[in-house]
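The file protein-v5.cif contains mmCIF, C-alpha atoms:
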data_model
#
loop_
_atom_site.label_atom_id
_atom_site.label_comp_id
_atom_site.auth_asym_id
_atom_site.auth_seq_id
_atom_site.Cartn_x
_atom_site.Cartn_y
_atom_site.Cartn_z
CA MET V 1 -47.62 142.43 47.88
CA ASN V 2 -44.49 143.35 49.85
CA ALA V 3 -41.21 144.42 48.22
CA ASN V 4 -39.56 141.02 48.66
CA ALA V 5 -42.42 139.09 47.06
CA GLU V 6 -42.52 141.60 44.23
CA GLU V 7 -38.81 141.22 43.61
CA MET V 8 -39.15 137.44 43.62
CA GLU V 9 -41.97 137.72 41.10
CA LEU V 10 -39.83 139.88 38.82
CA ARG V 11 -36.88 137.50 39.10
CA GLU V 12 -39.21 134.64 38.25
CA ARG V 13 -40.24 136.50 35.07
CA LEU V 14 -36.60 137.05 34.13
CA ASP V 15 -35.82 133.36 34.72
CA LEU V 16 -38.86 132.33 32.67
CA MET V 17 -37.73 134.49 29.75
CA GLN V 18 -34.21 133.09 29.83
CA ARG V 19 -35.50 129.51 29.93
CA MET V 20 -37.90 130.07 27.07
CA ILE V 21 -35.40 131.89 24.85
CA ALA V 22 -32.90 129.05 25.46
CA GLU V 23 -35.65 126.52 24.71
CA GLY V 24 -36.44 128.22 21.42
CA ARG V 25 -32.80 128.17 20.41
CA ARG V 26 -32.19 124.55 21.35
CA SER V 27 -31.68 122.88 18.01
CA THR V 28 -29.01 120.38 17.11
CA GLN V 29 -29.77 117.85 19.80
CA HIS V 30 -32.81 116.93 17.76
CA TRP V 31 -30.53 115.68 15.03
CA ALA V 32 -28.55 113.31 17.24
CA TRP V 33 -30.42 110.31 15.81
CA SER V 34 -28.99 111.07 12.36
CA PHE V 35 -25.41 110.65 13.66
CA LEU V 36 -26.37 107.26 15.05
CA LEU V 37 -28.22 106.27 11.87
CA TRP V 38 -25.26 107.19 9.63
CA GLY V 39 -22.79 105.48 11.95
CA LEU V 40 -24.80 102.27 11.67
CA ALA V 41 -25.08 102.78 7.89
CA TYR V 42 -21.28 103.06 7.60
CA TYR V 43 -20.86 99.82 9.56
CA VAL V 44 -23.46 98.03 7.41
CA ALA V 45 -21.79 99.24 4.20
CA ILE V 46 -18.32 98.24 5.44
CA ALA V 47 -19.48 94.78 6.56
CA TRP V 48 -21.44 94.23 3.34
CA SER V 49 -18.55 95.29 1.10
CA VAL V 50 -15.99 93.19 3.03
CA PHE V 51 -18.05 90.02 3.42
CA GLY V 52 -20.42 90.37 0.46
CA LYS V 53 -17.70 91.57 -1.91
CA THR V 54 -20.12 93.54 -4.05
CA TRP V 55 -19.71 97.00 -5.60
CA ALA V 56 -23.32 97.81 -4.68
CA ALA V 57 -22.76 97.77 -0.91
CA TRP V 58 -21.81 101.44 -0.50
CA PRO V 59 -24.16 103.14 -3.01
CA VAL V 60 -27.16 101.04 -1.93
CA THR V 61 -26.54 101.58 1.80
CA MET V 62 -25.86 105.30 1.37
CA ILE V 63 -28.96 105.85 -0.79
CA ALA V 64 -31.08 103.89 1.73
CA ALA V 65 -29.65 105.94 4.62
CA SER V 66 -30.29 109.18 2.69
CA ILE V 67 -33.93 108.23 2.03
CA LEU V 68 -34.44 107.22 5.67
CA THR V 69 -32.84 110.49 6.85
CA SER V 70 -35.06 112.55 4.52
CA VAL V 71 -38.24 110.80 5.68
CA LEU V 72 -37.41 111.15 9.39
CA ALA V 73 -36.19 114.74 8.93
CA ALA V 74 -39.45 115.69 7.17
CA ARG V 75 -41.44 114.31 10.09
CA ILE V 76 -39.32 116.24 12.60
CA LYS V 77 -39.54 119.46 10.56
CA ARG V 78 -43.32 119.28 10.72
CA ARG V 79 -43.17 119.38 14.52
CA GLU V 80 -40.18 121.67 15.09
CA PRO V 81 -40.15 125.44 14.53
CA GLY V 82 -37.98 127.02 11.85
CA ARG V 83 -34.69 128.49 13.00
CA THR V 84 -32.08 130.36 10.97
CA ILE V 85 -29.32 128.42 12.71
CA GLY V 86 -31.04 125.12 11.96
CA ARG V 87 -31.39 126.02 8.29
CA ALA V 88 -27.72 127.05 8.11
CA LEU V 89 -26.55 123.81 9.71
CA GLY V 90 -28.93 121.77 7.57
CA ALA V 91 -27.45 123.41 4.47
CA VAL V 92 -23.90 122.55 5.54
CA TRP V 93 -24.73 118.89 6.12
CA SER V 94 -26.90 118.38 3.05
CA VAL V 95 -24.37 120.06 0.72
CA MET V 96 -21.54 118.06 2.32
CA GLY V 97 -23.50 114.80 1.88
CA THR V 98 -24.38 115.53 -1.75
CA VAL V 99 -20.82 116.56 -2.70
CA LEU V 100 -19.39 113.52 -0.92
CA PHE V 101 -21.83 111.13 -2.60
CA ILE V 102 -21.18 112.48 -6.12
CA THR V 103 -17.40 112.55 -5.62
CA LEU V 104 -17.27 109.00 -4.26
CA MET V 105 -19.60 107.74 -6.99
CA ALA V 106 -17.32 109.34 -9.61
CA LEU V 107 -14.29 107.73 -7.99
CA GLY V 108 -16.06 104.36 -7.91
CA ILE V 109 -17.20 104.52 -11.55
CA SER V 110 -13.74 105.63 -12.73
CA GLY V 111 -12.17 102.71 -10.88
CA ARG V 112 -9.93 105.02 -8.87
CA ALA V 113 -11.66 104.56 -5.50
CA GLU V 114 -8.49 103.60 -3.65
CA ILE V 115 -9.23 103.07 0.05
CA HIS V 116 -6.73 105.68 1.34
CA VAL V 117 -8.11 108.34 -0.99
CA VAL V 118 -11.72 107.52 -0.06
CA ILE V 119 -11.05 107.66 3.70
CA ALA V 120 -9.06 110.90 3.32
CA ILE V 121 -11.95 112.53 1.43
CA VAL V 122 -14.66 111.24 3.79
CA GLY V 123 -12.62 112.18 6.90
CA ALA V 124 -11.88 115.68 5.59
CA MET V 125 -15.50 116.37 4.63
CA LEU V 126 -16.84 115.12 7.97
CA ALA V 127 -14.19 117.21 9.77
CA VAL V 128 -15.40 120.32 7.89
CA ALA V 129 -19.11 119.69 8.62
CA ASN V 130 -18.54 118.79 12.28
CA GLY V 131 -16.13 121.71 12.68
CA ILE V 132 -18.61 124.25 11.27
CA SER V 133 -21.46 122.84 13.40
CA GLY V 134 -19.27 122.71 16.52
CA LEU V 135 -18.11 126.32 16.05
CA ILE V 136 -21.60 127.68 15.38
CA LEU V 137 -23.07 125.79 18.34
CA ARG V 138 -20.01 126.29 20.54
CA TRP V 139 -20.17 122.57 21.25
CA LYS V 140 -16.78 121.22 22.29
CA MET V 141 -17.75 117.59 21.86
CA GLN V 142 -18.63 118.14 18.22
CA LEU V 143 -15.39 120.06 17.70
CA GLY V 144 -13.67 116.99 19.19
CA CYS V 145 -15.38 114.86 16.54
CA ALA V 146 -14.08 117.24 13.85
CA VAL V 147 -10.53 116.76 15.19
CA VAL V 148 -10.93 112.96 15.18
CA TRP V 149 -12.17 113.01 11.56
CA LEU V 150 -9.35 115.32 10.52
CA ALA V 151 -6.81 113.01 12.22
CA THR V 152 -8.35 110.08 10.32
CA ALA V 153 -8.07 111.99 7.03
CA VAL V 154 -4.42 112.83 7.68
CA ALA V 155 -3.67 109.27 8.82
CA ALA V 156 -5.19 107.97 5.58
CA CYS V 157 -2.38 109.73 3.71
CA PHE V 158 0.35 107.93 5.67
CA ALA V 159 -0.94 104.79 7.44
CA SER V 160 -0.95 101.26 6.01
CA ASP V 161 -4.21 99.37 5.45
CA MET V 162 -4.80 97.64 8.81
CA PRO V 163 -4.06 100.55 11.21
CA LEU V 164 -6.14 102.80 8.94
CA ALA V 165 -9.07 100.36 8.99
CA ILE V 166 -8.95 100.21 12.80
CA LEU V 167 -8.71 104.00 13.08
CA SER V 168 -11.65 104.50 10.70
CA LEU V 169 -13.84 102.02 12.59
CA ALA V 170 -12.93 103.74 15.87
CA ALA V 171 -13.70 107.19 14.40
CA ILE V 172 -17.13 105.97 13.25
CA PHE V 173 -17.77 104.47 16.68
CA PHE V 174 -16.86 107.60 18.67
CA CYS V 175 -17.98 110.37 16.29
CA GLN V 176 -21.20 108.77 15.05
CA ILE V 177 -22.41 106.11 17.50
CA VAL V 178 -21.20 107.52 20.84
CA PHE V 179 -21.78 111.15 19.83
CA GLY V 180 -25.25 110.29 18.49
CA VAL V 181 -26.26 108.43 21.66
CA TYR V 182 -24.86 111.25 23.82
CA GLY V 183 -26.88 113.80 21.84
CA MET V 184 -30.03 111.73 22.18
CA ILE V 185 -29.54 111.49 25.94
CA LEU V 186 -29.15 115.30 26.12
CA GLU V 187 -32.31 115.66 24.04
CA SER V 188 -34.37 113.38 26.26
CA ARG V 189 -33.15 115.19 29.39
CA GLY V 190 -34.14 118.52 27.87
CA GLN V 191 -37.71 117.38 27.37
CA LYS V 192 -38.58 117.47 31.07
CA ARG V 193 -40.35 120.80 31.27
CA GLY V 194 -42.52 122.66 33.69
CA VAL V 195 -45.99 123.91 32.91
CA ILE V 196 -46.60 127.63 32.44
CA HIS V 197 -49.89 129.29 33.22
CA ALA V 198 -51.12 132.73 32.23
CA MET N 1 -35.97 159.57 43.47
CA PRO N 2 -36.11 158.52 39.78
CA GLU N 3 -39.45 157.20 38.51
CA LEU N 4 -39.52 153.44 37.99
CA PRO N 5 -40.72 152.17 34.59
CA ASP N 6 -44.08 150.43 34.17
CA LEU N 7 -44.13 146.87 32.89
CA ASN N 8 -46.11 146.30 29.71
CA PRO N 9 -49.29 144.49 30.91
CA VAL N 10 -49.73 142.64 27.61
CA ILE N 11 -46.32 140.99 28.00
CA HIS N 12 -46.32 140.67 31.78
CA GLY N 13 -48.71 137.69 31.86
CA LYS N 14 -46.62 134.55 32.43
CA LEU N 15 -47.85 132.58 29.45
CA ARG N 16 -47.71 135.55 27.08
CA LEU N 17 -44.18 136.32 28.26
CA ALA N 18 -43.18 132.69 27.74
CA LEU N 19 -44.72 132.69 24.25
CA LEU N 20 -42.98 135.88 23.15
CA SER N 21 -39.66 134.62 24.56
CA LEU N 22 -40.05 131.30 22.74
CA LEU N 23 -40.92 133.04 19.48
CA ALA N 24 -37.95 135.39 19.89
CA GLY N 25 -35.61 132.42 19.48
CA VAL N 26 -37.19 130.93 16.33
CA GLU N 27 -38.26 132.09 12.87
CA GLU N 28 -41.77 130.71 13.33
CA ALA N 29 -43.42 128.03 15.42
CA GLU N 30 -46.45 125.81 15.18
CA PHE N 31 -49.29 125.98 17.70
CA ILE N 32 -48.65 122.42 18.90
CA TRP N 33 -44.96 123.15 19.48
CA LEU N 34 -45.85 126.19 21.59
CA ARG N 35 -48.37 124.07 23.49
CA ALA N 36 -45.75 121.38 24.17
CA LYS N 37 -43.13 123.88 25.34
CA THR N 38 -45.47 125.80 27.65
CA GLY N 39 -47.57 122.85 28.85
CA SER N 40 -50.66 125.00 28.35
CA THR N 41 -54.15 123.93 27.31
CA ASP N 42 -55.44 124.62 23.79
CA GLY N 43 -58.01 127.14 25.03
CA ASN N 44 -55.69 129.15 27.23
CA LEU N 45 -52.91 129.12 24.65
CA GLY N 46 -55.26 130.24 21.89
CA ALA N 47 -56.63 133.06 24.05
CA GLN N 48 -53.17 134.36 25.01
CA LEU N 49 -51.91 134.14 21.43
CA MET N 50 -54.99 136.08 20.34
CA LYS N 51 -54.14 138.86 22.83
CA LEU N 52 -50.58 139.01 21.51
CA GLU N 53 -51.90 139.07 17.95
CA GLU N 54 -54.33 141.89 18.77
CA ALA N 55 -51.47 143.89 20.26
CA GLY N 56 -49.53 143.37 17.03
CA TYR N 57 -46.78 141.41 18.80
CA VAL N 58 -47.24 138.15 16.91
CA ALA N 59 -48.45 137.30 13.41
CA VAL N 60 -50.19 134.09 12.48
CA GLU N 61 -50.29 132.18 9.21
CA LYS N 62 -52.91 129.47 8.89
CA LYS N 63 -52.56 126.79 6.26
CA PHE N 64 -53.29 123.14 5.51
CA VAL N 65 -50.48 120.60 5.50
CA GLN N 66 -51.48 117.14 4.30
CA ARG N 67 -55.13 118.15 4.80
CA LYS N 68 -54.51 119.06 8.44
CA PRO N 69 -54.88 122.67 9.64
CA GLN N 70 -51.65 124.24 10.82
CA SER N 71 -51.18 127.61 12.57
CA ASN N 72 -47.70 129.08 12.43
CA TYR N 73 -46.84 131.98 14.70
CA ARG N 74 -43.93 134.41 14.47
CA ILE N 75 -42.91 137.41 16.52
CA THR N 76 -43.31 140.77 14.73
CA ASP N 77 -40.88 143.70 14.85
CA ALA N 78 -43.25 145.43 17.26
CA GLY N 79 -43.26 142.31 19.46
CA ARG N 80 -39.47 142.15 19.46
CA ASP N 81 -39.24 145.85 20.40
CA ALA N 82 -41.84 145.41 23.14
CA LEU N 83 -39.99 142.41 24.57
CA GLN N 84 -36.74 144.37 24.50
CA GLU N 85 -38.39 147.29 26.33
CA TYR N 86 -39.92 144.86 28.85
CA ILE N 87 -36.51 143.32 29.59
CA GLN N 88 -35.02 146.79 30.03
CA ALA N 89 -37.82 147.83 32.39
CA LEU N 90 -37.47 144.58 34.34
CA LYS N 91 -33.74 145.15 34.74
CA GLU N 92 -34.32 148.70 35.95
CA LEU N 93 -36.91 147.52 38.46
CA LEU N 94 -34.67 144.74 39.71
CA GLY N 95 -31.76 147.17 39.87
CA ALA N 96 -33.87 149.48 42.00
CA ALA N 97 -34.95 146.59 44.23
CA ILE N 98 -31.37 145.56 45.06
#
Could the structure of this file be written out as structure tokens, please?
Amino acid sequence: MNANAEEMELRERLDLMQRMIAEGRRSTQHWAWSFLLWGLAYYVAIAWSVFGKTWAAWPVTMIAASILTSVLAARIKRREPGRTIGRALGAVWSVMGTVLFITLMALGISGRAEIHVVIAIVGAMLAVANGISGLILRWKMQLGCAVVWLATAVAACFASDMPLAILSLAAIFFCQIVFGVYGMILESRGQKRGVIHA
Amino acid sequence: MPELPDLNPVIHGKLRLALLSLLAGVEEAEFIWLRAKTGSTDGNLGAQLMKLEEAGYVAVEKKFVQRKPQSNYRITDAGRDALQEYIQALKELLGAAI
């Protein structure tokens, strides 16, 4: 083998290592579906509570979405390898979801679930979770979602009902639906891989 | 002229290098995940993982999940050190080639 071919071979090895290490670390894109699922769940709950006028709309939809998320997540976990970063992010989101659910349930039961307060709490919590994930993953788009949720939370403290409703629906659309679909597209693109032989 | 380092032959094989690199980025990984990421056949993958295991670079844990056998692999400290040394040697060789 001449020197040039040998160098090419070594560079190929280096490239292979970089690709594989990056592949092993690729994580959050596999959770993009959950953003989409929860975005749709929010829309269902909003529509049901507005048109159905029942107190059960939010708790029933949220519990159903939680069960669906757990089932799908368990199936994914069986296929995907364990990563410290994945566990850390999973902890952030599951703790955030649990705290949010209990707090909103308490507000609902106490009869103090005023719409501005609810949106401020939800917006702030989603801003925290998206912000932490975005910073850990160095993902600007997710940091952008955190900013949108924070803006929604702040707006909830000042805006009147109609502008706040529009802003909340837009935040769900961009930070859950669009972001989720974008993540899923990234995920599907990442699955085109070459074959490695010994 | 300074002596150039030798590359570890256990790691130098393409599939074994790919496997160690993949395992370096995760806590542990299932056999089928490694197969999907490398595009390798069951037989070849099993043989290369066995070589890495014999060298002490990977550890395997076999268990049953919902009555199905599952093999989980993780890189050992020795494997991580060996990969680090391999990268260093590769850089030195490439540095010498430029």
Could you tell me, as a ChimeraX atom specification, exactly which residues end up selected when the PyMOL selection byres ((chain N and resi 33) around 12) is applied to this structure? /V:23-24,76-82 /N:19,22-23,26,28-32,34-40,42,45,70-73
If you count all atoms listed in the file, which residues fall within 7 Å of stretch 161-174 of chain V, apart from same-chain ones fewer than 4 positions away, as a ChimeraX atom specification? /V:39,148-149,152,155-156,178-179
Can you tell me how far atom CA of N:Pro9 sits from atom CA of V:Glu6, in Å to one decimal?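 Interatomic distance, atom CA of N:Pro9 to atom CA of V:Glu6: 15.2 Å.
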Output of the PyMOL selection byres ((chain V and resi 118-129) around 9), listed as number ranges by chain: V: 89, 92-93, 96-97, 100, 103-104, 107, 113-117, 130-134, 143, 145-157, 164, 168
Kindly indicate which residue among V:Ser94, V:Ser188, V:Ser34, V:Thr84 lies nearest to chain N, using only C-alpha atoms for the distances.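 So, comparing all the options, the nearest one is V:Thr84.
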Between atom CA of V:Leu135 and atom CA of V:Ala22, distance in Å (one decimal):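 These two atoms are separated by 17.7 Å.
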Can you spell out as a VMD selection string the set of residues that the PyMOL selection byres ((chain N and resi 48) around 9) selects in the structure I just provided? (chain V and resid 198) or (chain N and resid 13 15 to 16 19 43 to 47 49 to 53)
Restricting to all atoms listed in the file, whichever of V:Arg83, V:Lys53, V:Arg19, V:Lys140 is closest to chain N is V:Arg83
State, in Å with one decimal place, the distance from atom CA of V:Asp15 to atom CA of N:Glu85.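 It comes out at 16.5 Å.
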Long-range neighbours of N:Val58 as a short mmCIF file (atom, residue, chain, number, x, y, z; two decimals) with C-alpha atoms, in the frame of the given file, 6 Å cut-off, all atoms listed in the file, 6 positions minimum in chain:
data_model
loop_
_atom_site.label_atom_id
_atom_site.label_comp_id
_atom_site.auth_asym_id
_atom_site.auth_seq_id
_atom_site.Cartn_x
_atom_site.Cartn_y
_atom_site.Cartn_z
CA LEU N 52 -50.58 139.01 21.51
CA ARG N 74 -43.93 134.41 14.47
CA ILE N 75 -42.91 137.41 16.52
CA THR N 76 -43.31 140.77 14.73
#
Shortest contact to N:Val10, candidates N:Ala89, N:Ala24, N:Val65, N:Ala82, atoms counted only C-alpha atoms, goes to N:Ala82
Give the answer as one residue: which of N:Gly79, N:Pro5, N:Pro69, N:Gly25 has the shortest atom-to-atom distance to chain V, using all atoms listed in the file? N:Gly25
